[in-house]
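Text of run.csv (CSV, C-alpha atoms and all ligand atoms) as supplied:
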```csv
chain,number,residue,atom,x,y,z
A,1,MET,CA,8.9,-0.7,-27.5
A,2,GLY,CA,6.8,-1.9,-24.5
A,3,PHE,CA,4.8,1.3,-24.8
A,4,PHE,CA,3.7,0.6,-28.3
A,5,ARG,CA,2.9,-3.0,-27.4
A,6,ASN,CA,0.7,-1.7,-24.7
A,7,ILE,CA,-1.1,0.7,-27.0
A,8,ARG,CA,-1.6,-1.9,-29.7
A,9,SER,CA,-3.1,-4.4,-27.3
A,10,ILE,CA,-5.7,-1.9,-26.2
A,11,PHE,CA,-7.1,-2.0,-29.7
A,12,HIS,CA,-7.4,-5.1,-31.9
A,13,ASP,CA,-5.2,-7.5,-30.0
A,14,ASP,CA,-6.6,-10.4,-32.0
A,15,TRP,CA,-5.8,-9.0,-35.4
A,16,CYS,CA,-2.9,-10.5,-37.4
A,17,SER,CA,-0.2,-7.9,-37.9
A,18,ARG,CA,0.8,-9.5,-41.1
A,19,CYS,CA,-2.4,-10.0,-43.0
A,20,LYS,CA,-4.9,-8.2,-40.8
A,21,SER,CA,-7.3,-11.1,-40.5
A,22,GLN,CA,-8.7,-12.2,-37.2
A,23,MET,CA,-6.5,-14.6,-35.2
A,24,GLU,CA,-7.7,-17.5,-33.1
A,25,VAL,CA,-6.8,-18.2,-29.5
A,26,VAL,CA,-5.0,-21.5,-29.6
A,27,ARG,CA,-4.0,-21.6,-26.0
A,28,LYS,CA,-4.8,-19.9,-22.7
A,29,GLN,CA,-2.9,-20.2,-19.5
A,30,LEU,CA,-3.0,-18.6,-16.1
A,31,TYR,CA,0.2,-17.9,-14.1
A,32,ALA,CA,1.2,-16.5,-10.8
A,33,LEU,CA,4.0,-13.9,-10.6
A,34,PRO,CA,5.5,-14.7,-7.2
A,35,ASP,CA,8.0,-11.9,-7.1
A,36,GLN,CA,5.4,-9.2,-7.7
A,37,ARG,CA,3.5,-8.0,-4.7
A,38,VAL,CA,0.9,-5.3,-4.1
A,39,GLY,CA,2.5,-1.9,-3.4
A,40,HIS,CA,5.9,-3.1,-4.9
A,41,TYR,CA,5.0,-3.6,-8.5
A,42,LYS,CA,7.8,-3.2,-11.1
A,43,ALA,CA,6.9,-3.2,-14.8
A,44,HIS,CA,8.8,-5.5,-17.0
A,45,ASP,CA,8.7,-5.6,-20.8
A,46,ASP,CA,11.1,-8.4,-21.6
A,47,ALA,CA,10.0,-11.9,-22.5
A,48,ALA,CA,13.0,-13.3,-20.6
A,49,TYR,CA,11.7,-12.0,-17.3
A,50,TYR,CA,8.3,-13.7,-17.8
A,51,GLN,CA,9.9,-17.0,-18.9
A,52,LYS,CA,11.9,-17.0,-15.7
A,53,THR,CA,9.2,-15.9,-13.3
A,54,LEU,CA,5.8,-17.3,-14.4
A,55,VAL,CA,4.4,-20.2,-12.4
A,56,PRO,CA,1.5,-22.0,-14.1
A,57,ILE,CA,-1.7,-22.4,-12.0
A,58,GLU,CA,-5.1,-23.7,-12.7
A,59,LYS,CA,-7.4,-21.0,-11.3
A,60,LYS,CA,-7.2,-17.5,-9.9
A,61,ALA,CA,-8.1,-18.6,-6.4
A,62,GLN,CA,-4.7,-20.2,-6.1
A,63,VAL,CA,-3.0,-16.9,-6.2
A,64,PRO,CA,-2.1,-15.8,-2.7
A,65,THR,CA,-3.6,-12.5,-1.5
A,66,GLY,CA,-1.5,-9.5,-2.7
A,67,MET,CA,0.4,-11.5,-5.3
A,68,TYR,CA,0.2,-10.6,-9.0
A,69,ALA,CA,-1.1,-13.0,-11.7
A,70,CYS,CA,-0.6,-13.1,-15.4
A,71,GLY,CA,-2.9,-14.4,-18.1
A,72,MET,CA,-1.4,-15.7,-21.3
A,73,HIS,CA,-3.2,-15.9,-24.7
A,74,VAL,CA,-1.5,-17.5,-27.6
A,75,TYR,CA,-3.0,-16.4,-30.9
A,76,ARG,CA,-2.5,-18.0,-34.3
A,77,CYS,CA,-3.6,-16.6,-37.7
A,78,PRO,CA,-5.6,-19.1,-39.7
A,79,GLN,CA,-4.6,-17.3,-42.9
A,80,CYS,CA,-0.8,-17.0,-42.7
A,81,GLY,CA,0.1,-19.0,-39.6
A,82,HIS,CA,1.6,-16.0,-37.8
A,83,GLN,CA,1.7,-16.5,-34.0
A,84,ALA,CA,1.5,-14.0,-31.2
A,85,VAL,CA,1.5,-14.1,-27.5
A,86,LYS,CA,-0.3,-11.7,-25.2
A,87,LEU,CA,0.4,-11.4,-21.5
A,88,THR,CA,-1.9,-9.5,-19.2
A,89,VAL,CA,-0.4,-8.8,-15.8
A,90,PHE,CA,-3.0,-8.1,-13.1
A,91,LEU,CA,-3.6,-8.0,-9.4
A,92,PRO,CA,-6.5,-10.2,-8.3
A,93,VAL,CA,-8.5,-8.4,-5.6
A,94,ARG,CA,-11.4,-10.4,-4.3
A,95,ASP,CA,-13.7,-10.7,-7.4
A,96,GLU,CA,-12.0,-7.9,-9.3
A,97,GLU,CA,-8.8,-7.5,-11.3
A,98,LYS,CA,-6.6,-4.5,-11.4
A,99,VAL,CA,-4.8,-4.7,-14.7
A,100,GLU,CA,-1.3,-3.4,-14.6
A,101,GLN,CA,0.3,-4.2,-17.9
A,102,ALA,CA,-0.7,-5.8,-21.2
A,103,LEU,CA,2.2,-7.0,-23.4
A,104,TYR,CA,2.2,-8.3,-26.9
A,105,PHE,CA,5.0,-10.5,-28.2
A,106,GLU,CA,4.9,-11.0,-32.0
A,107,ASP,CA,8.3,-12.2,-33.0
A,108,GLY,CA,8.5,-15.5,-31.2
A,109,GLU,CA,10.1,-14.0,-28.0
A,110,MET,CA,8.0,-16.4,-25.9
A,111,ASP,CA,8.3,-19.4,-28.2
A,112,ALA,CA,10.9,-21.1,-26.1
A,113,PHE,CA,8.4,-20.9,-23.2
A,114,LEU,CA,5.4,-22.5,-25.0
B,1,MET,CA,9.5,-1.0,24.6
B,2,CYS,CA,6.1,-1.3,26.2
B,3,ASP,CA,3.8,-4.3,26.2
B,4,GLY,CA,0.6,-2.3,26.5
B,5,PRO,CA,-2.2,-1.7,26.8
B,6,VAL,CA,-1.9,-0.3,23.3
B,7,ARG,CA,-3.1,3.3,23.1
B,8,LYS,CA,-3.3,5.6,20.1
B,9,PHE,CA,-3.0,8.8,22.0
B,10,ASN,CA,-0.6,10.2,24.5
B,11,PHE,CA,-2.9,13.0,25.8
B,12,VAL,CA,-0.1,15.0,27.4
B,13,TYR,CA,1.8,15.0,24.1
B,14,LEU,CA,-1.4,15.8,22.1
B,15,LEU,CA,-2.2,18.8,24.4
B,16,ALA,CA,1.4,20.0,24.5
B,17,TYR,CA,1.6,19.7,20.7
B,18,ILE,CA,-1.3,22.1,20.3
B,19,PHE,CA,-1.0,24.4,23.3
B,20,VAL,CA,2.7,24.8,24.1
B,21,PRO,CA,3.4,26.8,20.9
B,22,ILE,CA,0.3,29.0,21.7
B,23,ALA,CA,1.6,29.6,25.2
B,24,VAL,CA,5.1,30.4,24.0
B,25,CYS,CA,3.6,32.8,21.4
B,26,ALA,CA,1.4,34.5,24.0
B,27,LEU,CA,4.3,34.8,26.4
B,28,CYS,CA,6.5,36.4,23.8
B,29,ILE,CA,3.8,38.7,22.6
B,30,GLY,CA,3.2,39.7,26.2
B,31,ILE,CA,6.9,40.5,26.6
B,32,ALA,CA,6.9,42.4,23.3
B,33,PHE,CA,4.1,44.6,24.4
B,34,GLY,CA,5.3,44.9,28.1
B,35,PRO,CA,9.1,45.2,28.8
B,36,PHE,CA,9.9,45.6,25.1
B,37,ARG,CA,7.3,48.2,24.3
B,38,GLY,CA,8.8,50.9,22.3
B,39,VAL,CA,11.9,48.7,21.3
B,40,GLY,CA,10.6,48.2,17.8
B,41,ALA,CA,13.1,45.5,16.6
B,42,GLY,CA,12.9,43.5,19.8
B,43,ALA,CA,9.1,43.5,19.8
B,44,ALA,CA,9.0,42.5,16.2
B,45,VAL,CA,11.4,39.6,16.7
B,46,LEU,CA,9.4,38.4,19.8
B,47,THR,CA,6.2,38.5,17.7
B,48,VAL,CA,7.4,37.0,14.4
B,49,VAL,CA,9.9,34.3,15.4
B,50,PRO,CA,7.7,32.3,17.9
B,51,SER,CA,4.8,32.5,15.4
B,52,LEU,CA,6.9,31.1,12.6
B,53,ALA,CA,8.4,28.5,14.8
B,54,SER,CA,4.9,27.4,16.0
B,55,ILE,CA,3.7,27.0,12.4
B,56,ALA,CA,6.8,25.0,11.5
B,57,TRP,CA,6.2,22.8,14.5
B,58,TRP,CA,2.5,22.2,13.7
B,59,VAL,CA,3.3,21.4,10.1
B,60,GLY,CA,6.4,19.2,10.5
B,61,GLY,CA,7.1,18.5,14.2
B,62,GLY,CA,4.7,15.6,14.6
B,63,ARG,CA,6.0,14.0,11.4
B,64,PHE,CA,9.6,14.4,12.5
B,65,LEU,CA,9.0,12.8,15.9
B,66,TYR,CA,7.0,10.0,14.2
B,67,SER,CA,9.6,9.2,11.7
B,68,ARG,CA,12.2,9.1,14.5
B,69,ALA,CA,10.0,6.8,16.4
B,70,LYS,CA,9.7,4.4,13.4
B,71,LYS,CA,13.5,4.2,13.1
B,72,ARG,CA,13.9,3.7,16.8
B,73,ALA,CA,11.3,1.0,16.7
B,74,GLU,CA,13.1,-0.9,13.9
B,75,ALA,CA,16.4,-0.7,15.8
B,76,GLU,CA,14.9,-1.7,19.2
B,77,LEU,CA,12.9,-4.6,17.9
B,78,LYS,CA,16.0,-5.9,16.2
B,79,ALA,CA,18.0,-5.5,19.4
B,80,GLN,CA,15.3,-7.5,21.2
B,81,GLY,CA,15.6,-10.4,18.7
B,82,VAL,CA,12.3,-9.6,17.0
B,83,ASN,CA,12.5,-10.4,13.3
B,84,ALA,CA,10.1,-7.8,12.0
B,85,ASN,CA,10.1,-8.9,8.4
B,86,GLN,CA,6.7,-7.5,7.6
B,87,ILE,CA,6.4,-3.7,8.1
B,88,PHE,CA,3.7,-1.3,7.1
B,89,TYR,CA,4.0,2.4,7.6
B,90,SER,CA,0.8,4.5,7.5
B,91,ARG,CA,0.2,8.1,8.6
B,92,GLY,CA,-1.4,7.1,11.9
B,93,TRP,CA,0.3,3.8,12.8
B,94,SER,CA,3.3,1.8,11.9
B,95,VAL,CA,3.0,-2.0,12.2
B,96,PHE,CA,5.9,-4.4,12.6
B,97,VAL,CA,5.2,-8.1,12.5
B,98,ASP,CA,7.4,-11.1,13.2
B,99,VAL,CA,5.2,-13.7,11.7
B,100,ALA,CA,7.2,-16.8,12.8
B,101,GLY,CA,7.8,-15.4,16.3
B,102,GLY,CA,4.1,-14.3,16.6
B,103,GLN,CA,4.9,-10.8,17.8
B,104,VAL,CA,3.6,-7.4,16.7
B,105,GLY,CA,5.2,-4.0,17.2
B,106,LEU,CA,3.1,-0.8,17.0
B,107,VAL,CA,4.0,2.9,16.9
B,108,SER,CA,1.3,5.6,16.8
B,109,PHE,CA,1.7,9.0,15.4
B,110,TRP,CA,0.1,10.6,18.4
B,111,ASN,CA,2.0,8.4,20.9
B,112,PRO,CA,5.6,8.5,19.4
B,113,PHE,CA,7.5,8.0,22.7
B,114,LYS,CA,6.1,4.5,23.1
B,115,ILE,CA,7.0,1.4,21.1
B,116,PHE,CA,4.4,-1.3,21.8
B,117,LEU,CA,5.5,-4.9,21.5
B,118,ILE,CA,2.8,-7.4,22.1
B,119,PRO,CA,2.3,-11.1,21.5
B,120,ALA,CA,0.0,-11.6,18.4
B,121,SER,CA,-2.2,-13.8,20.6
B,122,ARG,CA,-3.5,-10.5,22.2
B,123,ILE,CA,-5.1,-9.5,18.8
B,124,GLN,CA,-8.8,-10.1,19.4
B,125,LYS,CA,-10.0,-9.4,15.9
B,126,THR,CA,-8.8,-8.3,12.5
B,127,TRP,CA,-10.8,-7.0,9.6
B,128,VAL,CA,-10.8,-4.8,6.5
B,129,ASP,CA,-12.8,-1.6,6.1
B,130,ASP,CA,-13.1,-0.6,2.5
B,131,GLY,CA,-14.8,2.6,3.4
B,132,VAL,CA,-17.3,2.2,0.6
B,133,GLY,CA,-20.5,4.2,1.1
B,134,GLY,CA,-23.2,5.8,-1.1
B,135,VAL,CA,-25.4,4.3,-3.8
B,136,ALA,CA,-25.2,3.8,-7.5
B,137,ILE,CA,-22.9,6.3,-9.2
B,138,PHE,CA,-22.1,8.0,-5.9
B,139,LYS,CA,-20.8,4.7,-4.5
B,140,GLY,CA,-17.2,5.2,-3.6
B,141,SER,CA,-14.5,5.5,-0.9
B,142,ASN,CA,-11.7,7.7,0.0
B,143,ARG,CA,-10.2,5.5,2.7
B,144,VAL,CA,-9.3,1.9,2.9
B,145,SER,CA,-7.9,0.4,6.1
B,146,PHE,CA,-7.2,-2.8,8.0
B,147,LEU,CA,-8.0,-2.9,11.7
B,148,LEU,CA,-6.9,-4.9,14.6
B,149,GLN,CA,-8.5,-5.0,18.0
B,150,VAL,CA,-6.0,-5.1,20.8
B,151,ASP,CA,-6.7,-4.7,24.5
B,152,ASN,CA,-10.2,-3.7,23.6
B,153,SER,CA,-9.2,-0.8,21.4
B,154,ASN,CA,-9.1,-0.6,17.6
B,155,VAL,CA,-5.9,0.1,15.8
B,156,ARG,CA,-6.9,1.4,12.3
B,157,VAL,CA,-4.1,1.3,9.7
B,158,ASP,CA,-4.9,3.1,6.5
B,159,THR,CA,-3.7,1.4,3.3
B,160,PHE,CA,-5.2,4.2,1.1
B,161,THR,CA,-6.5,7.7,1.9
B,162,SER,CA,-7.4,10.6,-0.4
B,163,ASN,CA,-9.4,13.8,-0.3
B,164,GLN,CA,-11.1,12.6,-3.4
B,165,ARG,CA,-13.6,9.8,-3.6
B,166,PHE,CA,-13.0,6.8,-5.9
B,167,ALA,CA,-15.2,4.1,-7.3
B,168,PRO,CA,-15.1,0.8,-5.5
B,169,ASN,CA,-13.5,-1.0,-8.4
B,170,SER,CA,-11.0,1.8,-9.2
B,171,ASP,CA,-7.3,1.0,-9.1
B,172,HIS,CA,-6.7,3.0,-5.9
B,173,ILE,CA,-9.4,1.3,-3.9
B,174,LEU,CA,-8.5,-2.2,-5.3
B,175,THR,CA,-4.9,-1.7,-4.4
B,176,GLY,CA,-5.9,-0.5,-0.9
B,177,ILE,CA,-8.1,-3.5,-0.4
B,178,SER,CA,-5.4,-5.9,-1.6
B,179,LYS,CA,-2.9,-4.4,0.9
B,180,ALA,CA,-5.4,-4.6,3.7
B,181,ASP,CA,-6.4,-8.2,2.9
B,182,THR,CA,-2.8,-9.1,2.8
B,183,TRP,CA,-2.2,-7.5,6.2
B,184,VAL,CA,-5.1,-9.2,7.8
B,185,GLU,CA,-3.6,-12.5,6.6
B,186,ILE,CA,-0.2,-11.6,8.0
B,187,LEU,CA,-1.7,-10.7,11.4
B,188,GLN,CA,-3.7,-13.9,11.5
B,189,ALA,CA,-0.6,-16.0,10.6
B,190,ALA,CA,1.3,-14.3,13.4
B,191,LYS,CA,-1.5,-14.9,15.8
B,192,GLN,CA,-1.6,-18.6,14.9
B,193,ASN,CA,2.2,-18.8,15.5
B,194,ALA,CA,1.8,-17.1,18.9
B,195,GLY,CA,-0.2,-20.1,19.9
C,1,ZN,ZN,-2.1,-13.5,-40.7
```
Could you write out this file's structure as structure tokens?
Ligand SMILES: [Zn+2]
Amino acid sequence: MGFFRNIRSIFHDDWCSRCKSQMEVVRKQLYALPDQRVGHYKAHDDAAYYQKTLVPIEKKAQVPTGMYACGMHVYRCPQCGHQAVKLTVFLPVRDEEKVEQALYFEDGEMDAFL
Amino acid sequence: MCDGPVRKFNFVYLLAYIFVPIAVCALCIGIAFGPFRGVGAGAAVLTVVPSLASIAWWVGGGRFLYSRAKKRAEAELKAQGVNANQIFYSRGWSVFVDVAGGQVGLVSFWNPFKIFLIPASRIQKTWVDDGVGGVAIFKGSNRVSFLLQVDNSNVRVDTFTSNQRFAPNSDHILTGISKADTWVEILQAAKQNAG
């Protein structure tokens, strides 16, 4: 499941899966992932994990060295109203980002969190 | 436990590591072609066994002693009341840091009979070496490390090594840099707590 989500997100992650029209980003938020550290990364696919773990922050500089961060994009389809959430887990390293996982939640798994 | 000066090499160990097996082989071969001359089986055993033992020692002996030293260090630091809650093992050095207590334990691959325990205030300098060299598309690195200067000598701890070269923004190099940056902060925090 997570694997297909990852594959999908590499391609058109802003296309509506229902009507294939281009979705709009309605919200963006950056988070820290305090329990994920460099060298000890464990992949997670379940929304519950992220709802429990994500700590909202304002900018990347607030993430301590060696801690993972996560960007959230909330998409909404202007045609049919379908909503999707994309999470990108990455390690901020100086000015660069090492992307670890991209996840796509389409069935409201993250709704309780929003 | 030893409070320094911190040294990477035990030269007696280094020389013994290399030359004792050679000396033993030479001796056995000498015996094989002297007293055992003509005793086919004895001469063969005296030639083959020490050679194989030497190779086994060169391949695995150092690693074995180093891994024993790491375990001993963990136990001895604990017994001394050092709470080494930050530990980094690399091929050349193992670093144990008690951040709150401001103490640093060090074990070197080439000095495995000594466990150094020093106050973090003795760290003169810490920095990261990303190993990046070359220009344009040849720009890359095969080694990332963090370094600490103690007692005027540099302790280089590798967070990434490879026999291949990787681009500076590749996952391997970025991970290595992140680890090294993290460790510089850990050492600095310990240094501050050491007063
Ligand atoms: Zn749609």
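Pairwise distance (atom CA of Asp130 of chain B, atom CA of Ala84 of chain B) equals 26.1 Å.
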(request) Counting only C-alpha atoms and all ligand atoms, figure out which residue out of A:Gly108, A:Gly71, A:Gly81, A:Pro34 gets nearest to ligand ZN 1 (chain C). (result)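 Ranking A:Gly108, A:Gly71, A:Gly81, A:Pro34 by distance to ligand ZN 1 (chain C), first place goes to A:Gly81.
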(request) Tell me which protein, DNA and RNA residues are within 12 Å of Ala79 of chain B, counting only C-alpha atoms, leaving out same-chain ones fewer than 6 positions away, and put them as number ranges by chain. (result) B: 1, 72-73
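The binding environment of ligand ZN 1 (chain C), defined as every protein, DNA or RNA residue with an atom no more than 7 Å away and counting only C-alpha atoms and all ligand atoms, comprises A:Cys16, A:Ser17, A:Arg18, A:Cys19, A:Lys20, A:Ser21, A:Cys77, A:Pro78, A:Gln79, A:Cys80, A:Gly81, A:His82.
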(request) Point out the residue among A:Leu103, A:His44, A:Gln83, A:Pro92 with the least atom-to-atom distance to chain B, counting only C-alpha atoms. (result)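 The shortest atom-to-atom distance to chain B comes from A:Pro92.
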For the contact check between segment 108-129 of chain B and segment 8-29 of chain B, emit one row per residue of segment 108-129 of chain B within 12 Å, containing the shortest atom pair and the distance in Å rounded to one decimal, counting all atoms listed in the file, chain then rising number order, as CSV.
```
residue,atom,partner,partner_atom,distance
B:Ser108,CA,B:Lys8,CA,5.7
B:Phe109,CA,B:Lys8,CA,7.7
B:Trp110,CA,B:Phe9,CA,5.1
B:Asn111,CA,B:Asn10,CA,4.8
B:Pro112,CA,B:Asn10,CA,8.2
B:Phe113,CA,B:Asn10,CA,8.6
B:Lys114,CA,B:Asn10,CA,8.9
B:Ile115,CA,B:Lys8,CA,11.2
B:Phe116,CA,B:Lys8,CA,10.5
```
(message) Between atom CA of Asp3 of chain B and atom CA of Phe96 of chain B, what is the distance in Å, rounded to a tenth?
(response)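 Straight-line distance from atom CA of Asp3 of chain B to atom CA of Phe96 of chain B works out to 13.8 Å.
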When the cut-off is 9 Å and we count all atoms listed in the file, which residues of chain A are near chain B, given as a compact mmCIF listing (two decimals) with C-alpha atoms, keeping the file's coordinate frame?
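out-v9.txt, freshly written:
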```
# COMPACT_ATOMS: atom_id res chain seq x y z
CA VAL A 38 0.90 -5.30 -4.10
CA GLY A 39 2.50 -1.90 -3.40
CA PRO A 64 -2.10 -15.80 -2.70
CA THR A 65 -3.60 -12.50 -1.50
CA GLY A 66 -1.50 -9.50 -2.70
CA MET A 67 0.40 -11.50 -5.30
CA LEU A 91 -3.60 -8.00 -9.40
CA PRO A 92 -6.50 -10.20 -8.30
CA VAL A 93 -8.50 -8.40 -5.60
CA ARG A 94 -11.40 -10.40 -4.30
CA GLU A 96 -12.00 -7.90 -9.30
CA GLU A 97 -8.80 -7.50 -11.30
CA LYS A 98 -6.60 -4.50 -11.40
CA VAL A 99 -4.80 -4.70 -14.70
```
